[in-house]
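> Below is the file final_4.cif, which contains mmCIF, C-alpha atoms and all ligand atoms.
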```
data_start
#
loop_
_atom_site.label_atom_id
_atom_site.label_comp_id
_atom_site.auth_asym_id
_atom_site.auth_seq_id
_atom_site.Cartn_x
_atom_site.Cartn_y
_atom_site.Cartn_z
CA MET S 88 26.62 -18.29 -27.74
CA THR S 89 23.06 -16.96 -27.84
CA VAL S 90 22.38 -13.71 -26.02
CA THR S 91 19.10 -13.39 -24.11
CA ARG S 92 18.64 -9.62 -23.89
CA GLY S 93 17.72 -8.55 -20.38
CA LEU S 94 18.02 -12.24 -19.34
CA GLU S 95 14.33 -12.59 -20.20
CA GLY S 96 13.03 -16.03 -19.27
CA VAL S 97 16.45 -17.20 -18.02
CA ILE S 98 16.22 -19.40 -14.90
CA ALA S 99 19.18 -18.21 -12.84
CA THR S 100 18.59 -19.91 -9.50
CA GLU S 101 16.33 -22.18 -7.48
CA SER S 102 14.37 -20.50 -4.70
CA SER S 103 11.64 -21.46 -2.26
CA ILE S 104 10.65 -17.91 -1.28
CA SER S 105 8.15 -16.74 -3.88
CA SER S 106 6.79 -17.99 -7.18
CA ILE S 107 4.96 -16.53 -10.19
CA ILE S 108 3.17 -19.30 -12.05
CA ASP S 109 0.39 -18.64 -14.58
CA ASP S 110 0.36 -14.98 -13.53
CA GLN S 111 -0.32 -15.83 -9.89
CA LEU S 112 2.08 -14.71 -7.18
CA ARG S 113 2.64 -16.81 -4.08
CA TYR S 114 4.89 -16.33 -1.07
CA VAL S 115 6.13 -19.76 0.10
CA GLY S 116 3.11 -21.32 -1.61
CA TYR S 117 0.53 -18.93 -0.09
CA ASP S 118 -1.56 -17.09 -2.66
CA ILE S 119 -0.97 -13.31 -2.59
CA ASP S 120 -4.75 -12.68 -2.64
CA ASP S 121 -5.16 -14.73 0.53
CA LEU S 122 -2.22 -12.95 2.18
CA ALA S 123 -3.37 -9.49 1.08
CA GLU S 124 -6.78 -10.08 2.65
CA ASN S 125 -5.61 -11.75 5.85
CA ALA S 126 -1.94 -11.36 6.77
CA THR S 127 -0.02 -8.56 8.45
CA PHE S 128 3.37 -7.36 7.22
CA GLU S 129 5.17 -8.83 10.25
CA GLU S 130 3.66 -12.25 9.45
CA ILE S 131 5.00 -11.89 5.91
CA ILE S 132 8.48 -11.02 7.16
CA TYR S 133 8.43 -14.13 9.32
CA LEU S 134 7.08 -16.24 6.45
CA LEU S 135 9.74 -15.09 3.98
CA TRP S 136 12.60 -15.58 6.44
CA ASN S 137 11.46 -18.85 7.99
CA LYS S 138 9.39 -20.39 5.16
CA LYS S 139 6.44 -20.86 7.52
CA LEU S 140 3.78 -18.66 9.10
CA PRO S 141 4.49 -17.76 12.74
CA ASN S 142 2.42 -18.85 15.70
CA GLN S 143 1.43 -16.08 18.15
CA SER S 144 4.54 -16.30 20.32
CA GLU S 145 6.88 -16.40 17.30
CA LEU S 146 5.11 -13.36 15.88
CA ASP S 147 5.28 -11.49 19.19
CA GLU S 148 8.97 -12.27 19.46
CA LEU S 149 9.67 -10.95 15.95
CA LYS S 150 7.61 -7.80 16.56
CA GLY S 151 9.43 -7.18 19.84
CA ALA S 152 12.84 -7.69 18.23
CA ILE S 153 12.02 -5.29 15.37
CA ALA S 154 10.61 -2.63 17.74
CA LYS S 155 13.77 -2.89 19.87
CA GLU S 156 16.03 -2.30 16.87
CA MET S 157 14.19 0.61 15.27
CA ALA S 158 16.11 3.53 16.78
CA LEU S 159 18.97 4.85 14.64
CA PRO S 160 22.58 5.32 15.75
CA GLN S 161 23.22 9.06 16.24
CA PRO S 162 25.91 9.16 13.48
CA VAL S 163 23.29 8.12 10.92
CA ILE S 164 21.03 10.99 12.03
CA ASP S 165 24.01 13.37 11.99
CA HIS S 166 24.81 12.18 8.49
CA LEU S 167 21.25 12.86 7.30
CA LYS S 168 21.61 16.39 8.65
CA SER S 169 24.92 16.95 6.89
CA TYR S 170 23.85 17.49 3.27
CA ASP S 171 21.37 19.50 1.25
CA LEU S 172 18.25 17.41 1.66
CA LYS S 173 16.35 19.59 -0.80
CA THR S 174 18.39 18.30 -3.73
CA VAL S 175 19.07 14.73 -2.57
CA HIS S 176 16.60 12.04 -3.61
CA PRO S 177 15.44 9.97 -0.60
CA MET S 178 16.45 6.75 -2.39
CA ALA S 179 20.00 8.06 -2.68
CA ALA S 180 19.90 9.06 0.99
CA LEU S 181 18.52 5.65 1.94
CA ARG S 182 21.17 3.80 -0.08
CA THR S 183 23.94 5.76 1.65
CA ALA S 184 22.39 5.61 5.12
CA VAL S 185 22.02 1.81 4.98
CA SER S 186 25.66 1.58 3.97
CA ILE S 187 26.59 3.80 6.93
CA LEU S 188 24.49 1.62 9.26
CA GLY S 189 26.87 -1.21 8.44
CA LEU S 190 29.76 0.84 9.83
CA PHE S 191 28.06 0.89 13.23
CA ASP S 192 27.15 -2.80 13.30
CA GLU S 193 29.85 -4.79 15.05
CA GLU S 194 28.57 -7.92 13.32
CA ALA S 195 28.61 -6.41 9.82
CA ASP S 196 31.30 -8.77 8.52
CA ILE S 197 30.47 -11.80 10.64
CA MET S 198 29.09 -14.37 8.23
CA GLU S 199 27.55 -16.90 10.65
CA GLN S 200 23.88 -17.63 9.99
CA GLU S 201 22.69 -16.36 13.38
CA ALA S 202 24.61 -13.10 13.01
CA ASN S 203 23.08 -12.65 9.56
CA GLN S 204 19.61 -13.23 11.01
CA ARG S 205 20.24 -10.58 13.68
CA LYS S 206 21.41 -8.15 11.00
CA ALA S 207 18.25 -8.88 9.00
CA ILE S 208 16.13 -7.74 11.96
CA ARG S 209 18.25 -4.61 12.45
CA ILE S 210 18.09 -3.61 8.79
CA GLN S 211 14.36 -4.30 8.50
CA ALA S 212 13.73 -2.25 11.65
CA LYS S 213 16.00 0.68 10.88
CA ILE S 214 15.06 1.22 7.25
CA SER S 215 11.68 2.69 8.24
CA ALA S 216 13.40 4.95 10.77
CA ILE S 217 15.84 6.21 8.11
CA ILE S 218 13.06 7.08 5.67
CA SER S 219 11.00 8.91 8.26
CA ALA S 220 14.03 10.69 9.77
CA PHE S 221 15.05 11.89 6.29
CA ALA S 222 11.53 13.14 5.58
CA ARG S 223 11.37 15.07 8.85
CA ILE S 224 14.89 16.50 8.79
CA ARG S 225 14.35 17.99 5.34
CA LYS S 226 11.29 19.78 6.72
CA GLY S 227 13.38 21.21 9.56
CA LEU S 228 11.87 18.80 12.10
CA GLU S 229 13.60 16.45 14.53
CA PRO S 230 13.28 12.67 14.00
CA VAL S 231 10.61 10.99 16.15
CA GLN S 232 11.52 7.97 18.26
CA PRO S 233 9.52 4.79 17.49
CA LYS S 234 6.89 3.48 19.93
CA SER S 235 7.33 -0.13 20.99
CA ASP S 236 3.56 -0.80 21.15
CA LEU S 237 2.89 0.08 17.50
CA ASN S 238 3.15 -2.35 14.60
CA TYR S 239 5.59 -1.79 11.74
CA ALA S 240 3.20 0.14 9.49
CA ALA S 241 1.88 2.30 12.34
CA ASN S 242 5.37 3.02 13.63
CA PHE S 243 6.48 4.17 10.21
CA LEU S 244 3.57 6.61 9.93
CA TYR S 245 4.07 7.75 13.51
CA MET S 246 7.78 8.43 12.96
CA LEU S 247 6.95 10.17 9.66
CA LYS S 248 4.14 12.43 10.85
CA GLY S 249 4.83 12.72 14.57
CA GLU S 250 1.29 11.70 15.54
CA GLU S 251 -0.46 8.36 15.88
CA PRO S 252 -2.00 7.42 12.52
CA LYS S 253 -5.65 6.55 11.91
CA ALA S 254 -6.58 2.87 11.60
CA ILE S 255 -7.41 3.22 7.91
CA GLU S 256 -3.95 4.70 7.20
CA VAL S 257 -2.23 1.87 9.06
CA GLU S 258 -4.32 -0.72 7.18
CA ALA S 259 -3.42 0.84 3.82
CA ILE S 260 0.32 0.92 4.52
CA ASP S 261 0.28 -2.55 6.06
CA LYS S 262 -1.45 -4.00 2.99
CA ALA S 263 0.90 -2.17 0.62
CA LEU S 264 3.84 -3.63 2.56
CA VAL S 265 2.36 -7.14 2.30
CA LEU S 266 1.90 -6.73 -1.46
CA HIS S 267 5.41 -5.43 -2.21
CA ALA S 268 7.42 -7.76 0.02
CA ASP S 269 8.82 -10.21 -2.49
CA HIS S 270 8.69 -10.93 -6.19
CA GLU S 271 10.89 -13.83 -7.23
CA LEU S 272 14.01 -12.77 -9.15
CA ASN S 273 13.20 -9.12 -9.88
CA ALA S 274 16.07 -6.77 -10.73
CA SER S 275 16.83 -5.53 -7.20
CA THR S 276 16.59 -8.99 -5.66
CA PHE S 277 18.87 -10.38 -8.35
CA THR S 278 21.28 -7.52 -7.64
CA ALA S 279 21.31 -8.41 -3.94
CA ARG S 280 21.97 -12.07 -4.74
CA VAL S 281 24.77 -11.28 -7.22
CA CYS S 282 26.41 -9.05 -4.62
CA VAL S 283 26.34 -11.51 -1.72
CA ALA S 284 27.22 -14.48 -3.94
CA THR S 285 30.77 -13.07 -3.84
CA LEU S 286 30.43 -13.69 -0.08
CA SER S 287 30.18 -9.97 0.49
CA ASP S 288 28.17 -8.87 3.56
CA VAL S 289 24.44 -8.28 4.06
CA TYR S 290 24.77 -4.46 4.19
CA SER S 291 26.53 -4.48 0.80
CA GLY S 292 23.76 -6.65 -0.66
CA ILE S 293 20.99 -4.36 0.60
CA THR S 294 22.83 -1.19 -0.46
CA ALA S 295 23.22 -2.61 -3.97
CA ALA S 296 19.55 -3.66 -4.08
CA ILE S 297 18.36 -0.16 -3.08
CA GLY S 298 20.42 1.23 -5.96
CA ALA S 299 18.67 -1.14 -8.39
CA LEU S 300 15.17 -0.48 -7.03
CA LYS S 301 15.66 3.28 -7.46
CA GLY S 302 15.44 3.16 -11.28
CA PRO S 303 12.22 4.17 -13.10
CA LEU S 304 11.90 0.81 -14.88
CA HIS S 305 11.65 -0.83 -11.44
CA GLY S 306 10.57 0.64 -8.07
CA GLY S 307 11.13 4.22 -9.19
CA ALA S 308 8.05 3.94 -11.39
CA ASN S 309 5.55 4.63 -8.57
CA GLU S 310 6.84 8.19 -8.02
CA ARG S 311 6.70 8.78 -11.80
CA VAL S 312 3.09 7.54 -11.94
CA MET S 313 2.09 10.35 -9.56
CA LYS S 314 4.16 12.84 -11.57
CA MET S 315 2.25 11.76 -14.67
CA LEU S 316 -1.15 12.04 -12.95
CA SER S 317 -0.23 15.48 -11.60
CA GLU S 318 0.90 16.65 -15.06
CA ILE S 319 -2.38 15.45 -16.57
CA GLY S 320 -4.25 17.22 -13.78
CA ASP S 321 -7.73 16.59 -15.14
CA GLU S 322 -9.54 13.37 -16.06
CA ASP S 323 -10.63 14.72 -19.44
CA LYS S 324 -7.04 15.35 -20.49
CA ALA S 325 -5.76 11.85 -19.72
CA ILE S 326 -6.20 10.18 -23.12
CA ASP S 327 -4.66 13.05 -25.14
CA TYR S 328 -1.69 13.06 -22.77
CA ILE S 329 -1.19 9.30 -23.09
CA ASP S 330 -1.58 9.39 -26.88
CA GLU S 331 1.12 12.05 -27.10
CA LYS S 332 3.49 9.95 -24.95
CA LEU S 333 2.86 6.84 -27.04
CA LYS S 334 3.37 8.81 -30.26
CA ASN S 335 6.78 9.88 -28.92
CA LYS S 336 7.55 6.24 -28.01
CA GLU S 337 7.68 7.13 -24.32
CA LYS S 338 6.80 4.52 -21.73
CA ILE S 339 3.76 4.91 -19.53
CA MET S 340 4.90 4.47 -15.96
CA GLY S 341 3.19 1.77 -13.91
CA MET S 342 2.23 -0.16 -17.05
CA GLY S 343 3.71 -3.40 -18.35
CA HIS S 344 5.67 -6.12 -16.66
CA ARG S 345 8.42 -8.49 -17.68
CA VAL S 346 6.72 -11.56 -16.19
CA TYR S 347 2.93 -10.96 -16.09
CA GLU S 348 1.03 -11.27 -19.33
CA THR S 349 -2.61 -11.01 -18.35
CA GLY S 350 -2.19 -8.82 -15.28
CA ASP S 351 -0.39 -8.25 -12.01
CA PRO S 352 -2.49 -9.86 -9.23
CA ARG S 353 -1.40 -7.19 -6.74
CA ALA S 354 -2.79 -4.30 -8.80
CA LYS S 355 -6.45 -5.06 -8.02
CA HIS S 356 -5.82 -4.79 -4.25
CA LEU S 357 -4.13 -1.42 -4.68
CA LYS S 358 -6.84 -0.32 -7.11
CA LYS S 359 -9.51 -1.07 -4.49
CA MET S 360 -7.57 0.88 -1.86
CA SER S 361 -7.04 3.74 -4.28
CA LYS S 362 -10.80 3.95 -4.89
CA GLU S 363 -11.58 3.97 -1.17
CA LEU S 364 -8.89 6.43 -0.14
CA THR S 365 -9.27 8.89 -3.00
CA ASN S 366 -13.03 9.02 -2.35
CA LEU S 367 -12.48 9.44 1.37
CA THR S 368 -10.09 12.34 0.85
CA GLY S 369 -12.27 14.02 -1.80
CA ASN S 370 -9.71 13.30 -4.53
CA ALA S 371 -11.53 10.73 -6.65
CA LYS S 372 -10.06 12.27 -9.79
CA TRP S 373 -6.73 10.49 -9.23
CA TYR S 374 -8.50 7.14 -9.17
CA ASN S 375 -10.78 7.95 -12.11
CA MET S 376 -7.84 9.17 -14.17
CA SER S 377 -5.86 6.03 -13.33
CA VAL S 378 -8.73 3.77 -14.41
CA LYS S 379 -9.00 5.61 -17.73
CA ILE S 380 -5.28 5.20 -18.38
CA GLU S 381 -5.27 1.56 -17.34
CA GLU S 382 -8.17 0.71 -19.68
CA TYR S 383 -6.71 2.68 -22.57
CA ILE S 384 -3.24 1.09 -22.32
CA LYS S 385 -4.74 -2.36 -21.95
CA GLU S 386 -6.82 -1.83 -25.09
CA HIS S 387 -4.20 -0.09 -27.23
CA LYS S 388 -0.95 -1.71 -26.09
CA GLY S 389 -2.17 -4.90 -24.42
CA LEU S 390 -0.21 -3.99 -21.31
CA PRO S 391 -1.52 -4.50 -17.76
CA ALA S 392 -1.09 -2.16 -14.80
CA ASN S 393 1.70 -3.27 -12.47
CA VAL S 394 2.09 -2.92 -8.69
CA ASP S 395 3.46 0.62 -9.04
CA PHE S 396 0.40 2.02 -10.81
CA TYR S 397 -2.30 2.27 -8.13
CA SER S 398 0.13 2.46 -5.21
CA ALA S 399 0.84 6.03 -6.37
CA SER S 400 -2.70 7.33 -5.72
CA VAL S 401 -2.87 5.30 -2.49
CA TYR S 402 0.25 6.93 -1.02
CA HIS S 403 -0.77 10.36 -2.35
CA SER S 404 -4.12 10.02 -0.56
CA LEU S 405 -2.26 9.33 2.67
CA GLY S 406 -0.52 12.71 2.30
CA ILE S 407 2.89 11.15 1.67
CA ASP S 408 5.50 13.13 -0.31
CA HIS S 409 5.79 11.68 -3.81
CA ASP S 410 9.52 11.03 -3.64
CA LEU S 411 8.95 8.80 -0.58
CA PHE S 412 6.90 6.31 -2.62
CA THR S 413 9.93 4.29 -3.77
CA PRO S 414 11.53 4.29 -0.29
CA ILE S 415 8.25 2.80 1.02
CA PHE S 416 8.59 0.10 -1.64
CA ALA S 417 12.15 -0.51 -0.36
CA MET S 418 10.89 -0.70 3.25
CA SER S 419 8.74 -3.65 2.19
CA ARG S 420 10.98 -5.29 -0.42
CA VAL S 421 13.91 -5.31 2.04
CA SER S 422 12.15 -8.26 3.73
CA GLY S 423 12.36 -10.16 0.42
CA TRP S 424 15.94 -9.05 -0.27
CA LEU S 425 16.97 -10.30 3.16
CA ALA S 426 15.21 -13.64 2.61
CA HIS S 427 17.01 -14.05 -0.72
CA ILE S 428 20.37 -13.05 0.75
CA LEU S 429 20.00 -15.67 3.51
CA GLU S 430 18.92 -18.27 0.92
CA GLN S 431 21.90 -17.39 -1.30
CA TYR S 432 24.37 -17.83 1.59
CA ASP S 433 22.76 -21.19 2.39
CA ASN S 434 23.68 -22.70 -0.96
CA ASN S 435 26.12 -20.27 -2.49
CA ARG S 436 27.89 -20.28 -5.81
CA LEU S 437 29.44 -17.19 -7.44
CA ILE S 438 27.07 -15.65 -10.02
CA ARG S 439 29.14 -14.90 -13.08
CA PRO S 440 27.52 -15.11 -16.52
CA ARG S 441 29.29 -14.49 -19.83
CA ALA S 442 29.10 -11.72 -22.44
CA GLU S 443 29.36 -12.21 -26.17
CA TYR S 444 32.14 -9.89 -27.33
CA VAL S 445 31.05 -7.76 -30.30
CA GLY S 446 33.83 -5.10 -30.33
CA PRO S 447 36.85 -4.81 -32.65
CA MET S 448 39.60 -7.48 -32.66
CA ASN S 449 43.31 -7.65 -33.51
CA GLN S 450 44.01 -4.02 -32.61
CA LYS S 451 47.64 -2.98 -32.15
CA TYR S 452 48.70 -0.52 -29.48
CA VAL S 453 49.58 2.90 -30.94
CA PRO S 454 51.83 5.20 -28.86
CA ILE S 455 49.93 8.26 -27.64
CA GLU S 456 51.91 10.77 -29.73
CA GLN S 457 50.90 8.91 -32.91
CA ARG S 458 47.13 8.88 -32.19
C1 LIG Z 501 7.92 -3.16 -9.38
C2 LIG Z 501 8.31 -3.17 -10.75
O1 LIG Z 501 9.48 -3.11 -11.06
S1 LIG Z 501 7.10 -3.29 -11.89
C3 LIG Z 501 7.70 -2.38 -13.31
C4 LIG Z 501 7.81 -0.91 -13.02
N1 LIG Z 501 8.23 -0.17 -14.20
C5 LIG Z 501 7.38 0.56 -14.93
O2 LIG Z 501 6.20 0.67 -14.66
C6 LIG Z 501 7.99 1.28 -16.11
C7 LIG Z 501 7.16 1.12 -17.37
N2 LIG Z 501 7.21 -0.24 -17.86
C8 LIG Z 501 8.27 -0.71 -18.58
O3 LIG Z 501 9.24 0.03 -18.86
C9 LIG Z 501 8.28 -2.14 -19.03
O4 LIG Z 501 6.96 -2.63 -19.16
C10 LIG Z 501 9.09 -3.06 -18.06
C11 LIG Z 501 10.52 -2.52 -17.95
C12 LIG Z 501 8.45 -3.07 -16.70
C13 LIG Z 501 9.12 -4.48 -18.60
O5 LIG Z 501 9.64 -4.40 -19.80
P1 LIG Z 501 10.10 -5.57 -20.80
O6 LIG Z 501 9.36 -6.79 -20.60
O7 LIG Z 501 11.56 -5.64 -20.78
O8 LIG Z 501 9.62 -4.91 -22.14
P2 LIG Z 501 10.41 -3.83 -23.01
O9 LIG Z 501 10.81 -2.66 -22.22
O10 LIG Z 501 11.45 -4.56 -23.77
O11 LIG Z 501 9.22 -3.39 -23.97
C14 LIG Z 501 8.65 -4.25 -24.97
C15 LIG Z 501 7.74 -3.39 -25.85
O12 LIG Z 501 6.61 -2.96 -25.10
C16 LIG Z 501 6.60 -1.55 -24.99
N3 LIG Z 501 6.28 -1.20 -23.60
C17 LIG Z 501 6.58 -1.89 -22.49
N4 LIG Z 501 6.15 -1.23 -21.42
C18 LIG Z 501 5.57 -0.11 -21.86
C19 LIG Z 501 4.96 0.96 -21.21
N5 LIG Z 501 4.86 1.01 -19.90
N6 LIG Z 501 4.48 1.96 -21.96
C20 LIG Z 501 4.57 1.93 -23.30
N7 LIG Z 501 5.15 0.94 -23.98
C21 LIG Z 501 5.65 -0.07 -23.26
C22 LIG Z 501 8.01 -1.10 -25.32
O13 LIG Z 501 8.07 0.21 -25.77
C23 LIG Z 501 8.41 -2.11 -26.35
O14 LIG Z 501 7.82 -1.77 -27.57
P3 LIG Z 501 8.58 -2.03 -28.96
O15 LIG Z 501 8.75 -3.52 -29.03
O16 LIG Z 501 7.64 -1.48 -29.96
O17 LIG Z 501 9.88 -1.31 -28.86
O1 LIG Z 502 9.45 -8.64 -10.75
C1 LIG Z 502 9.74 -7.62 -11.37
O2 LIG Z 502 10.29 -7.62 -12.50
C2 LIG Z 502 9.47 -6.29 -10.81
C3 LIG Z 502 9.10 -6.29 -9.37
O3 LIG Z 502 9.94 -6.23 -8.50
C4 LIG Z 502 7.70 -6.42 -9.01
O4 LIG Z 502 6.84 -6.49 -9.89
O5 LIG Z 502 7.40 -6.42 -7.79
#
```
Can you present the structure in this file as structure tokens?
Ligand SMILES: CC(=O)SCCNC(=O)CCNC(=O)[C@H](O)C(C)(C)COP(=O)(O)OP(=O)(O)OC[C@H]1O[C@@H](n2cnc3c(N)ncnc32)[C@H](O)[C@@H]1OP(=O)(O)O
Ligand SMILES: O=C([O-])CC(=O)C(=O)O

Amino acid sequence: MTVTRGLEGVIATESSISSIIDDQLRYVGYDIDDLAENATFEEIIYLLWNKKLPNQSELDELKGAIAKEMALPQPVIDHLKSYDLKTVHPMAALRTAVSILGLFDEEADIMEQEANQRKAIRIQAKISAIISAFARIRKGLEPVQPKSDLNYAANFLYMLKGEEPKAIEVEAIDKALVLHADHELNASTFTARVCVATLSDVYSGITAAIGALKGPLHGGANERVMKMLSEIGDEDKAIDYIDEKLKNKEKIMGMGHRVYETGDPRAKHLKKMSKELTNLTGNAKWYNMSVKIEEYIKEHKGLPANVDFYSASVYHSLGIDHDLFTPIFAMSRVSGWLAHILEQYDNNRLIRPRAEYVGPMNQKYVPIEQR
């Protein structure tokens, strides 16, 4: 047996959802740069779930179905009000709330394809309502009901802030959602596929995936990028701070990627948004500091910025609490998780690799009083 640590380079499944070839990301064969410039998040959801772009009536139907499913069951809201939201991380709250949602879905354990598609719409819709309800309840505010005439990105911001967002804010969130939607067999997507390959239900798969995304080596990095920028505080202090971290063998959040060697194609879109938004809000230092760090790490470690790096200063510029950055990632990536779950069910086989045993052998049981 040869062990491939971290399963690096291992091809674990076939998929026709997204691909990363020669450092270029595509959803169903469409280049991410093309999609980032032209597509809306709802079009991406449709694309990932149906493997084709929607026509106008298909898109309208999907948007209508999502808007109809956005409101949360009262027990989920009651649950969010039942614990100390000041100490609970929103990703932990989201993980638990999605699991609770399953308890109120009569179709939770129905495995037919159409029922799974209906659940996909419900989960996609409700995840944005959970995040915004959490954020409001912890500030002592009541959750805001979604508006059926707003798109997904606008509805999220509306439910979060309680007022209709500006066009530039909606554009930024919509583009961020497009860019984060799917990424081949990343850790959280793999987690979702492993879970449902036992023929467990969609809610279990999504709950497991949220748990995997939460970690700082994956989606949790974006919140840590902002923590790092805030700790640095001033552009002139960035390099000394980074040098100190590298000397202590600490990782620089938002840098490096398991798959990309030359660079993450999504980073440039977020970098551009970061420049625009930080300038607009009079906070250019976050962008300037990020550029300095990116260039320094590229030069000294050969590592590129990943999707989490510039998304931090984008979300910060929109006035979003830092611990909501990873939940926003989840709100987008759930579309990919759902696509992968449906694909896994379509052609399922239990995922069960092997481990090479390296512990002691031939041990004999010793009664407890003799140990
Ligand atoms: C959406 C996403 O999930 S994108 C990734 C988000 N995560 C982060 O931004 C966290 C920071 N980055 C990392 O930890 C890594 O680059 C990962 C986990 C993303 C990918 O890691 P892997 O390909 O498994 O590389 P691994 O962690 O084994 O590191 C290989 C070497 O590069 C170094 N390295 C990798 N990333 C970084 C980093 N961000 N900062 C400093 N050094 C790094 C490691 O210290 C290690 O060095 P060594 O060989 O001298 O011990
Ligand atoms: O693919 C990965 O390893 C990490 C990930 O989810 C992404 O970059 O979007």
> Please provide the set of residues having any atom within 7 Å of S:Ile428, restricted to all atoms listed in the file, with same-chain residues fewer than 3 positions apart removed, written as a compact mmCIF listing (two decimals) with C-alpha atoms, keeping the file's coordinate frame.

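Writing done, so here's selection-v9.txt:
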```
# COMPACT_ATOMS: atom_id res chain seq x y z
CA ALA S 279 21.31 -8.41 -3.94
CA ARG S 280 21.97 -12.07 -4.74
CA VAL S 283 26.34 -11.51 -1.72
CA TRP S 424 15.94 -9.05 -0.27
CA LEU S 425 16.97 -10.30 3.16
CA GLN S 431 21.90 -17.39 -1.30
CA TYR S 432 24.37 -17.83 1.59
```
> Taking every listed atom of stretch 238-247 of chain S and adding 6 Å to each side, what centre and edge lengths in Å (one decimal) does the axis-aligned box have, as JSON?

```
{"center_x": 4.8, "center_y": 3.9, "center_z": 12.0, "size_x": 17.9, "size_y": 24.5, "size_z": 17.1}
```
> For S:Pro160, list every protein, DNA or RNA residue within 10 Å, evaluated using only C-alpha atoms, and leave out those in the same chain fewer than 6 positions away; present the list as an NGL selection string.
:S and (187-188 or 191-192 or 213)
> Ligand LIG 502 (chain Z): which residues are within 9 Å, counting all atoms listed in the file, as a PDB file with C-alpha atoms, in the coordinates of the input?

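Final output, saved to result.pdb:
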```pdb
ATOM      1  CA  LEU S 266       1.900  -6.730  -1.460  1.00  0.00           C
ATOM      2  CA  HIS S 267       5.410  -5.430  -2.210  1.00  0.00           C
ATOM      3  CA  ALA S 268       7.420  -7.760   0.020  1.00  0.00           C
ATOM      4  CA  ASP S 269       8.820 -10.210  -2.490  1.00  0.00           C
ATOM      5  CA  HIS S 270       8.690 -10.930  -6.190  1.00  0.00           C
ATOM      6  CA  GLU S 271      10.890 -13.830  -7.230  1.00  0.00           C
ATOM      7  CA  LEU S 272      14.010 -12.770  -9.150  1.00  0.00           C
ATOM      8  CA  ASN S 273      13.200  -9.120  -9.880  1.00  0.00           C
ATOM      9  CA  ALA S 274      16.070  -6.770 -10.730  1.00  0.00           C
ATOM     10  CA  SER S 275      16.830  -5.530  -7.200  1.00  0.00           C
ATOM     11  CA  THR S 276      16.590  -8.990  -5.660  1.00  0.00           C
ATOM     12  CA  LEU S 300      15.170  -0.480  -7.030  1.00  0.00           C
ATOM     13  CA  LEU S 304      11.900   0.810 -14.880  1.00  0.00           C
ATOM     14  CA  HIS S 305      11.650  -0.830 -11.440  1.00  0.00           C
ATOM     15  CA  GLY S 306      10.570   0.640  -8.070  1.00  0.00           C
ATOM     16  CA  HIS S 344       5.670  -6.120 -16.660  1.00  0.00           C
ATOM     17  CA  ARG S 345       8.420  -8.490 -17.680  1.00  0.00           C
ATOM     18  CA  VAL S 346       6.720 -11.560 -16.190  1.00  0.00           C
ATOM     19  CA  TYR S 347       2.930 -10.960 -16.090  1.00  0.00           C
ATOM     20  CA  ASP S 351      -0.390  -8.250 -12.010  1.00  0.00           C
ATOM     21  CA  ARG S 353      -1.400  -7.190  -6.740  1.00  0.00           C
ATOM     22  CA  ASN S 393       1.700  -3.270 -12.470  1.00  0.00           C
ATOM     23  CA  VAL S 394       2.090  -2.920  -8.690  1.00  0.00           C
ATOM     24  CA  ASP S 395       3.460   0.620  -9.040  1.00  0.00           C
ATOM     25  CA  ARG S 420      10.980  -5.290  -0.420  1.00  0.00           C
TER      26      ARG S 420
END
```
> Go through stretch 88-161 of chain S residue by residue and, counting only C-alpha atoms, keep those with an atom at most 10 Å from stretch 440-455 of chain S; for each kept residue give the shortest atom pair and its distance in Å to one decimal, ordered by chain and increasing number, as JSON lines.

```
{"residue": "S:Met88", "atom": "CA", "partner": "S:Glu443", "partner_atom": "CA", "distance": 6.9}
{"residue": "S:Thr89", "atom": "CA", "partner": "S:Glu443", "partner_atom": "CA", "distance": 8.1}
{"residue": "S:Val90", "atom": "CA", "partner": "S:Glu443", "partner_atom": "CA", "distance": 7.1}
{"residue": "S:Ala99", "atom": "CA", "partner": "S:Pro440", "partner_atom": "CA", "distance": 9.6}
```
> When you look at S:Ile329 with a cut-off of 10 Å (counting all atoms listed in the file), what residues show up, excluding the ones that are within fewer than 6 positions of it in the same chain? I need them as a list in words.
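Near neighbours after the sequence-gap exclusion: Met315, Ile319, Asn335, Glu337, Lys338, Ile339, Ile380, Tyr383 and Ile384 of chain S.
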> Nearest residue to ligand LIG 501 (chain Z) out of S:Ile107, S:Val185, S:Val421, S:Leu94, using only C-alpha atoms and all ligand atoms?
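Nearest candidate to ligand LIG 501 (chain Z) out of S:Ile107, S:Val185, S:Val421, S:Leu94: S:Leu94.
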> Please indicate the distance in Å from atom CA of S:Leu316 to atom CA of S:Ser377, rounded to one decimal place.
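We find that atom CA of S:Leu316 and atom CA of S:Ser377 lie 7.6 Å from each other.
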> What is the atom O10 of ligand LIG 501 (chain Z)-atom CA of S:Gly292 distance in Å, reported with one decimal?
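Spanning atom O10 of ligand LIG 501 (chain Z) to atom CA of S:Gly292 is a straight-line distance of 26.3 Å.
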> At a cut-off of 9 Å, can you tabulate as a tab-separated table every residue of stretch 332-382 of chain S near stretch 247-261 of chain S together with its closest atom pair and the distance in Å to one decimal, using only C-alpha atoms and ordering rows by chain then number?

```
residue	atom	partner	partner_atom	distance
S:Leu357	CA	S:Ala259	CA	8.8
S:Met360	CA	S:Ala259	CA	7.0
S:Leu364	CA	S:Ala259	CA	8.8
```
> From the set S:Ile217, S:Leu135, S:Leu333, S:Leu190, which residue has the shortest atom-to-atom contact distance to ligand LIG 501 (chain Z), counting only C-alpha atoms and all ligand atoms?
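Comparing S:Ile217, S:Leu135, S:Leu333, S:Leu190 against ligand LIG 501 (chain Z), the winner is S:Leu333.
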